[in-house]
$ cat run01.pdb   # PDB, C-alpha atoms
ATOM      1  CA  ARG A 505      15.874 -10.815   9.092
ATOM      2  CA  LEU A 506      12.688  -9.295  10.434
ATOM      3  CA  ARG A 507      12.157 -10.248  14.030
ATOM      4  CA  ALA A 508       9.221  -9.795  16.395
ATOM      5  CA  ASN A 509       9.985  -9.721  20.102
ATOM      6  CA  THR A 510       6.625 -10.946  21.329
ATOM      7  CA  LYS A 511       5.664 -12.169  24.783
ATOM      8  CA  SER A 512       2.977 -14.767  25.406
ATOM      9  CA  SER A 513       0.925 -12.221  27.364
ATOM     10  CA  GLU A 514       0.748  -9.996  24.274
ATOM     11  CA  LEU A 515      -0.864 -12.810  22.293
ATOM     12  CA  GLY A 516      -3.373 -13.459  25.052
ATOM     13  CA  ASN A 517      -2.402 -17.117  25.290
ATOM     14  CA  PRO A 518      -1.170 -18.188  28.749
ATOM     15  CA  TYR A 519      -0.228 -21.653  27.470
ATOM     16  CA  LEU A 520       2.585 -20.346  25.271
ATOM     17  CA  SER A 521       6.030 -19.572  26.566
ATOM     18  CA  ASP A 522       7.641 -16.301  25.479
ATOM     19  CA  LEU A 523       9.860 -18.232  23.068
ATOM     20  CA  GLN A 524       6.867 -20.021  21.530
ATOM     21  CA  ALA A 525       4.979 -16.732  21.234
ATOM     22  CA  GLU A 526       7.938 -15.181  19.439
ATOM     23  CA  ARG A 527       8.124 -18.120  17.041
ATOM     24  CA  VAL A 528       4.396 -17.911  16.312
ATOM     25  CA  MET A 529       4.615 -14.189  15.600
ATOM     26  CA  ASN A 530       7.673 -14.612  13.387
ATOM     27  CA  ALA A 531       5.872 -17.312  11.402
ATOM     28  CA  VAL A 532       2.826 -15.061  10.945
ATOM     29  CA  LEU A 533       4.992 -12.137   9.856
ATOM     30  CA  SER A 534       6.899 -14.307   7.389
ATOM     31  CA  TYR A 535       3.621 -15.525   5.907
ATOM     32  CA  MET A 536       2.298 -11.969   5.562
ATOM     33  CA  LEU A 537       5.510 -10.710   3.976
ATOM     34  CA  HIS A 538       5.639 -13.599   1.508
ATOM     35  CA  THR A 539       1.950 -13.405   0.594
ATOM     36  CA  HIS A 540       2.041  -9.656   0.065
ATOM     37  CA  ARG A 541       5.142  -9.971  -2.110
ATOM     38  CA  MET A 542       3.320 -12.544  -4.242
ATOM     39  CA  GLY A 543       0.465 -10.067  -4.690
ATOM     40  CA  ALA A 544       2.890  -7.313  -5.695
ATOM     41  CA  ALA A 545       4.595  -9.667  -8.150
ATOM     42  CA  SER A 546       1.224 -10.563  -9.670
ATOM     43  CA  GLN A 547       0.408  -6.880 -10.167
ATOM     44  CA  ALA A 548       3.817  -6.312 -11.758
ATOM     45  CA  ILE A 549       3.238  -9.209 -14.162
ATOM     46  CA  SER A 550      -0.151  -7.756 -15.128
ATOM     47  CA  ALA A 551       1.493  -4.392 -15.844
ATOM     48  CA  VAL A 552       4.159  -6.047 -18.008
ATOM     49  CA  VAL A 553       1.477  -7.961 -19.918
ATOM     50  CA  ALA A 554      -0.455  -4.722 -20.529
ATOM     51  CA  LEU A 555       2.661  -3.006 -21.875
ATOM     52  CA  ARG A 556       3.532  -5.971 -24.066
ATOM     53  CA  LYS A 557       0.002  -6.022 -25.465
ATOM     54  CA  LYS A 558       0.236  -2.355 -26.446
ATOM     55  CA  LEU A 559       3.605  -2.843 -28.106
ATOM     56  CA  GLU A 560       2.394  -5.909 -29.991
ATOM     57  CA  ASP A 561      -0.700  -3.999 -31.085
ATOM     58  CA  LEU A 562       1.470  -1.248 -32.539
ATOM     59  CA  HIS A 563       3.577  -3.837 -34.332
ATOM     60  CA  THR A 564       0.864  -6.127 -35.700
ATOM     61  CA  ASN A 565      -2.246  -3.957 -36.015
ATOM     62  CA  PRO A 566      -2.155  -2.166 -39.397
ATOM     63  CA  LYS A 567      -4.497   0.574 -38.192
ATOM     64  CA  SER A 568      -2.391   1.350 -35.125
ATOM     65  CA  ARG A 569       0.808   1.321 -37.161
ATOM     66  CA  THR A 570      -0.715   3.600 -39.788
ATOM     67  CA  ASN A 571      -1.856   6.079 -37.135
ATOM     68  CA  LEU A 572       1.642   6.190 -35.692
ATOM     69  CA  GLN A 573       3.253   6.693 -39.084
ATOM     70  CA  LYS A 574       0.910   9.472 -40.150
ATOM     71  CA  ASN A 575       2.218  12.982 -40.162
ATOM     72  CA  ARG A 576      -0.696  14.199 -38.086
ATOM     73  CA  GLU A 577       1.027  15.237 -34.887
ATOM     74  CA  SER A 578      -2.128  15.002 -32.758
ATOM     75  CA  VAL A 579      -2.667  11.322 -33.606
ATOM     76  CA  ARG A 580       0.989  10.464 -33.175
ATOM     77  CA  ALA A 581       1.221  12.326 -29.867
ATOM     78  CA  ARG A 582      -1.887  10.588 -28.505
ATOM     79  CA  VAL A 583      -0.577   7.125 -29.372
ATOM     80  CA  LEU A 584       2.858   7.792 -27.914
ATOM     81  CA  GLU A 585       1.401   9.350 -24.761
ATOM     82  CA  GLY A 586      -0.739   6.271 -24.142
ATOM     83  CA  LEU A 587       2.307   4.064 -24.594
ATOM     84  CA  ARG A 588       4.381   6.256 -22.281
ATOM     85  CA  GLN A 589       1.778   6.119 -19.514
ATOM     86  CA  THR A 590       1.530   2.338 -19.760
ATOM     87  CA  ALA A 591       5.323   2.030 -19.655
ATOM     88  CA  GLN A 592       5.535   4.277 -16.595
ATOM     89  CA  ALA A 593       2.848   2.284 -14.787
ATOM     90  CA  CYS A 594       4.736  -0.897 -15.625
ATOM     91  CA  ALA A 595       8.036   0.512 -14.338
ATOM     92  CA  LYS A 596       6.428   1.594 -11.058
ATOM     93  CA  ARG A 597       4.947  -1.852 -10.501
ATOM     94  CA  VAL A 598       8.194  -3.640 -11.271
ATOM     95  CA  ALA A 599      10.275  -1.339  -9.043
ATOM     96  CA  VAL A 600       7.801  -1.190  -6.143
ATOM     97  CA  ARG A 601       9.241  -1.548  -2.644
ATOM     98  CA  ARG A 602       8.038  -1.428   0.936
ATOM     99  CA  GLN A 603       8.374   2.187   1.977
ATOM    100  CA  TYR A 604       8.144   1.548   5.710
ATOM    101  CA  VAL A 605      11.064  -0.880   6.088
ATOM    102  CA  ARG A 606      14.307   0.659   7.349
ATOM    103  CA  ASP A 607      17.783  -0.856   7.370
ATOM    104  CA  ILE A 608      19.227  -1.240  10.853
ATOM    105  CA  GLN A 609      22.085  -3.486   9.811
ATOM    106  CA  PRO A 610      22.298  -3.290   5.997
ATOM    107  CA  GLY A 611      21.623  -6.661   4.451
ATOM    108  CA  SER A 612      20.893  -8.474   7.709
ATOM    109  CA  MET A 613      18.314  -6.686   9.881
ATOM    110  CA  TRP A 614      15.406  -4.354   9.187
ATOM    111  CA  GLU A 615      12.937  -2.345  11.240
ATOM    112  CA  TYR A 616       9.302  -1.842  10.278
ATOM    113  CA  ASP A 617       5.871  -0.952  11.622
ATOM    114  CA  PRO A 618       3.735  -4.136  11.752
ATOM    115  CA  ARG A 619       0.537  -2.082  11.431
ATOM    116  CA  LEU A 620       1.589  -0.974   7.958
ATOM    117  CA  LEU A 621       2.445  -4.547   6.982
ATOM    118  CA  LEU A 622      -0.958  -5.698   8.226
ATOM    119  CA  PHE A 623      -2.663  -2.946   6.211
ATOM    120  CA  GLU A 624      -0.834  -3.905   3.014
ATOM    121  CA  PHE A 625      -1.405  -7.610   3.557
ATOM    122  CA  SER A 626      -5.114  -7.229   4.308
ATOM    123  CA  PHE A 627      -5.922  -5.163   1.225
ATOM    124  CA  ASN A 628      -3.267  -6.385  -1.240
ATOM    125  CA  LEU A 629      -1.862  -2.929  -1.867
ATOM    126  CA  THR A 630       1.538  -1.295  -1.560
ATOM    127  CA  LEU A 631       1.710   1.927   0.408
ATOM    128  CA  ARG A 632       3.307   4.850  -1.388
ATOM    129  CA  ASP A 633       6.215   6.768   0.078
ATOM    130  CA  ARG A 634       4.127   9.899   0.679
ATOM    131  CA  GLN A 635       1.384   7.887   2.382
ATOM    132  CA  VAL A 636       3.882   6.313   4.782
ATOM    133  CA  ARG A 637       5.514   9.675   5.491
ATOM    134  CA  LEU A 638       2.150  11.295   6.190
ATOM    135  CA  PHE A 639       1.190   8.484   8.544
ATOM    136  CA  ARG A 640       4.438   8.853  10.478
ATOM    137  CA  GLU A 641       4.175  12.636  10.601
ATOM    138  CA  PHE A 642       0.609  12.550  11.896
ATOM    139  CA  MET A 643       1.504   9.915  14.490
ATOM    140  CA  ALA A 644       4.509  11.973  15.607
ATOM    141  CA  ALA A 645       2.334  15.089  15.874
ATOM    142  CA  PHE A 646      -0.183  13.169  17.970
ATOM    143  CA  LYS A 647       2.560  11.854  20.232
ATOM    144  CA  ASN A 648       3.849  15.392  20.749
ATOM    145  CA  LYS A 649       0.292  16.689  21.303
ATOM    146  CA  LYS A 650       0.399  18.927  18.250
ATOM    147  CA  SER A 651      -2.194  19.482  15.538
ATOM    148  CA  ARG A 652      -1.367  18.916  11.880
ATOM    149  CA  VAL A 653      -3.015  19.734   8.541
ATOM    150  CA  GLU A 654      -2.062  18.303   5.153
ATOM    151  CA  GLN A 655      -3.459  18.863   1.678
ATOM    152  CA  MET A 656      -3.551  16.068  -0.900
ATOM    153  CA  ILE A 657      -4.765  15.901  -4.469
ATOM    154  CA  MET A 658      -7.704  13.780  -5.562
ATOM    155  CA  GLY A 659      -6.804  10.110  -5.879
ATOM    156  CA  ALA A 660      -3.882  10.245  -3.448
ATOM    157  CA  GLY A 661      -5.638   7.970  -0.959
ATOM    158  CA  LYS A 662      -7.066  10.355   1.631
ATOM    159  CA  THR A 663     -10.297   8.433   2.178
ATOM    160  CA  THR A 664      -9.209   4.903   1.334
ATOM    161  CA  VAL A 665      -5.674   4.815   2.779
ATOM    162  CA  ILE A 666      -4.612   7.708   5.020
ATOM    163  CA  GLY A 667      -7.879   7.924   6.965
ATOM    164  CA  PRO A 668      -8.132   4.200   7.782
ATOM    165  CA  LEU A 669      -4.386   4.038   8.508
ATOM    166  CA  LEU A 670      -4.654   6.808  11.086
ATOM    167  CA  VAL A 671      -7.674   5.141  12.656
ATOM    168  CA  LEU A 672      -5.619   1.952  12.927
ATOM    169  CA  GLY A 673      -2.595   3.785  14.302
ATOM    170  CA  LEU A 674      -4.468   5.877  16.862
ATOM    171  CA  SER A 675      -6.708   3.100  18.159
ATOM    172  CA  ASP A 676      -5.364   1.564  21.340
ATOM    173  CA  GLY A 677      -8.483   0.321  23.104
ATOM    174  CA  LYS A 678      -8.485   3.306  25.453
ATOM    175  CA  ARG A 679      -9.521   6.219  23.248
ATOM    176  CA  LEU A 680     -12.272   6.795  20.702
ATOM    177  CA  VAL A 681     -11.107   7.857  17.240
ATOM    178  CA  VAL A 682     -13.541  10.130  15.394
ATOM    179  CA  GLN A 683     -13.188  10.843  11.685
ATOM    180  CA  VAL A 684     -14.818  14.101  10.557
ATOM    181  CA  VAL A 685     -15.697  14.373   6.854
ATOM    182  CA  PRO A 686     -17.876  16.605   4.639
ATOM    183  CA  ALA A 687     -21.500  15.524   4.402
ATOM    184  CA  ALA A 688     -21.028  14.521   0.759
ATOM    185  CA  LEU A 689     -18.328  12.022   1.752
ATOM    186  CA  LEU A 690     -20.058  10.575   4.809
ATOM    187  CA  GLU A 691     -21.540   7.477   3.185
ATOM    188  CA  MET A 692     -18.386   6.706   1.223
ATOM    189  CA  SER A 693     -16.117   7.174   4.247
ATOM    190  CA  ARG A 694     -18.386   5.019   6.390
ATOM    191  CA  ALA A 695     -18.405   2.278   3.752
ATOM    192  CA  VAL A 696     -14.604   2.410   3.418
ATOM    193  CA  LEU A 697     -14.050   2.063   7.166
ATOM    194  CA  ARG A 698     -16.524  -0.799   7.394
ATOM    195  CA  GLN A 699     -14.867  -2.560   4.486
ATOM    196  CA  LYS A 700     -11.346  -2.027   5.812
ATOM    197  CA  PHE A 701     -11.924  -3.096   9.382
ATOM    198  CA  SER A 702     -14.327  -5.961   8.776
ATOM    199  CA  LEU A 703     -12.267  -7.670   6.077
ATOM    200  CA  ILE A 704     -10.138  -9.769   8.436
ATOM    201  CA  VAL A 705     -13.212 -10.884  10.368
ATOM    202  CA  LYS A 706     -14.864 -12.039   7.155
TER     203      LYS A 706
END
$ encode --input "run01.pdb" --output "structure tokens"
Amino acid sequence: RLRANTKSSELGNPYLSDLQAERVMNAVLSYMLHTHRMGAASQAISAVVALRKKLEDLHTNPKSRTNLQKNRESVRARVLEGLRQTAQACAKRVAVRRQYVRDIQPGSMWEYDPRLLLFEFSFNLTLRDRQVRLFREFMAAFKNKKSRVEQMIMGAGKTTVIGPLLVLGLSDGKRLVVQVVPAALLEMSRAVLRQKFSLIVK
């Protein structure tokens, strides 16, 4: 089970008892977990359909089958590489798991960061292991009053995932979080933050 120990004061509703507040929060968390899992399942189904379509095309399309059977290694390698990439993408979608959930009592109780669940739920995405680890490492460095620098390749989610996640994690209503980016990325970064943090309001 995933349990939220929530007091009525934390929800800002003085008419709820602590027990009622806990029940409300547990219901919300259950809804978010279930809805996000449905989104992940839908993405996995789409990946399976894409793989099946490629396999059927190789089997039924004479042109595709001829290209594969030709002795030209370049054509054969290109076809097989495309199939391999689709199969890998499918496998990743099918085997996806929440990287931020930890077993406390195996099979009966888990621990997780609700901010990461909220992020996944809001944007219908699944955080990668490296993204979760980076978030935790940056938050730990901040807690210990240490600086930290990380390098990531293009497409790893620096602007669309890590940046907004850190803004969410560091914001506590008492401090101002400033994100510094190159001039060329200013408009994109601004648009991403607006989109991320206005979505729930919409």
$ closest_residue --input "run01.pdb" --among "A:Arg652, A:Arg640, A:Arg698, A:Lys596" --to "Leu620 (chain A)" --atoms "only C-alpha atoms"
A:Arg640
$ resolve_selection --input "run01.pdb" --expression "the PyMOL selection byres ((chain A and resi 632) around 12)" --output "compact mmCIF listing (two decimals) with C-alpha atoms, in the coordinates of the input"
# COMPACT_ATOMS: atom_id res chain seq x y z
CA LYS A 596 6.43 1.59 -11.06
CA ARG A 597 4.95 -1.85 -10.50
CA VAL A 600 7.80 -1.19 -6.14
CA ARG A 601 9.24 -1.55 -2.64
CA ARG A 602 8.04 -1.43 0.94
CA GLN A 603 8.37 2.19 1.98
CA TYR A 604 8.14 1.55 5.71
CA LEU A 620 1.59 -0.97 7.96
CA GLU A 624 -0.83 -3.90 3.01
CA LEU A 629 -1.86 -2.93 -1.87
CA THR A 630 1.54 -1.30 -1.56
CA LEU A 631 1.71 1.93 0.41
CA ASP A 633 6.22 6.77 0.08
CA ARG A 634 4.13 9.90 0.68
CA GLN A 635 1.38 7.89 2.38
CA VAL A 636 3.88 6.31 4.78
CA ARG A 637 5.51 9.68 5.49
CA LEU A 638 2.15 11.30 6.19
CA PHE A 639 1.19 8.48 8.54
CA ALA A 660 -3.88 10.24 -3.45
CA GLY A 661 -5.64 7.97 -0.96
CA VAL A 665 -5.67 4.82 2.78
CA ILE A 666 -4.61 7.71 5.02
$ residues_around --input "run01.pdb" --residues "Cys594 (chain A)" --least-positions-apart "2" --cutoff "7 Å" --atoms "only C-alpha atoms" --output "NGL selection string"
:A and (548 or 551-552 or 555 or 590-592 or 596-598)
$ write_last_selection --input "run01.pdb" --atoms "C-alpha atoms" --output "JSON list (two decimals), in the frame of the given file"
[["chain", "number", "residue", "atom", "x", "y", "z"],
["A", 548, "ALA", "CA", 3.82, -6.31, -11.76],
["A", 551, "ALA", "CA", 1.49, -4.39, -15.84],
["A", 552, "VAL", "CA", 4.16, -6.05, -18.01],
["A", 555, "LEU", "CA", 2.66, -3.01, -21.88],
["A", 590, "THR", "CA", 1.53, 2.34, -19.76],
["A", 591, "ALA", "CA", 5.32, 2.03, -19.66],
["A", 592, "GLN", "CA", 5.54, 4.28, -16.60],
["A", 596, "LYS", "CA", 6.43, 1.59, -11.06],
["A", 597, "ARG", "CA", 4.95, -1.85, -10.50],
["A", 598, "VAL", "CA", 8.19, -3.64, -11.27]]
$ atom_distance --input "run01.pdb" --atom1 "CA of Lys662 (chain A)" --atom2 "CA of Glu585 (chain A)"
27.7 Å
$ closest_residue --input "run01.pdb" --among "A:Phe625, A:Arg619, A:Gln655, A:Arg556" --to "Ser534 (chain A)" --atoms "only C-alpha atoms"
A:Phe625
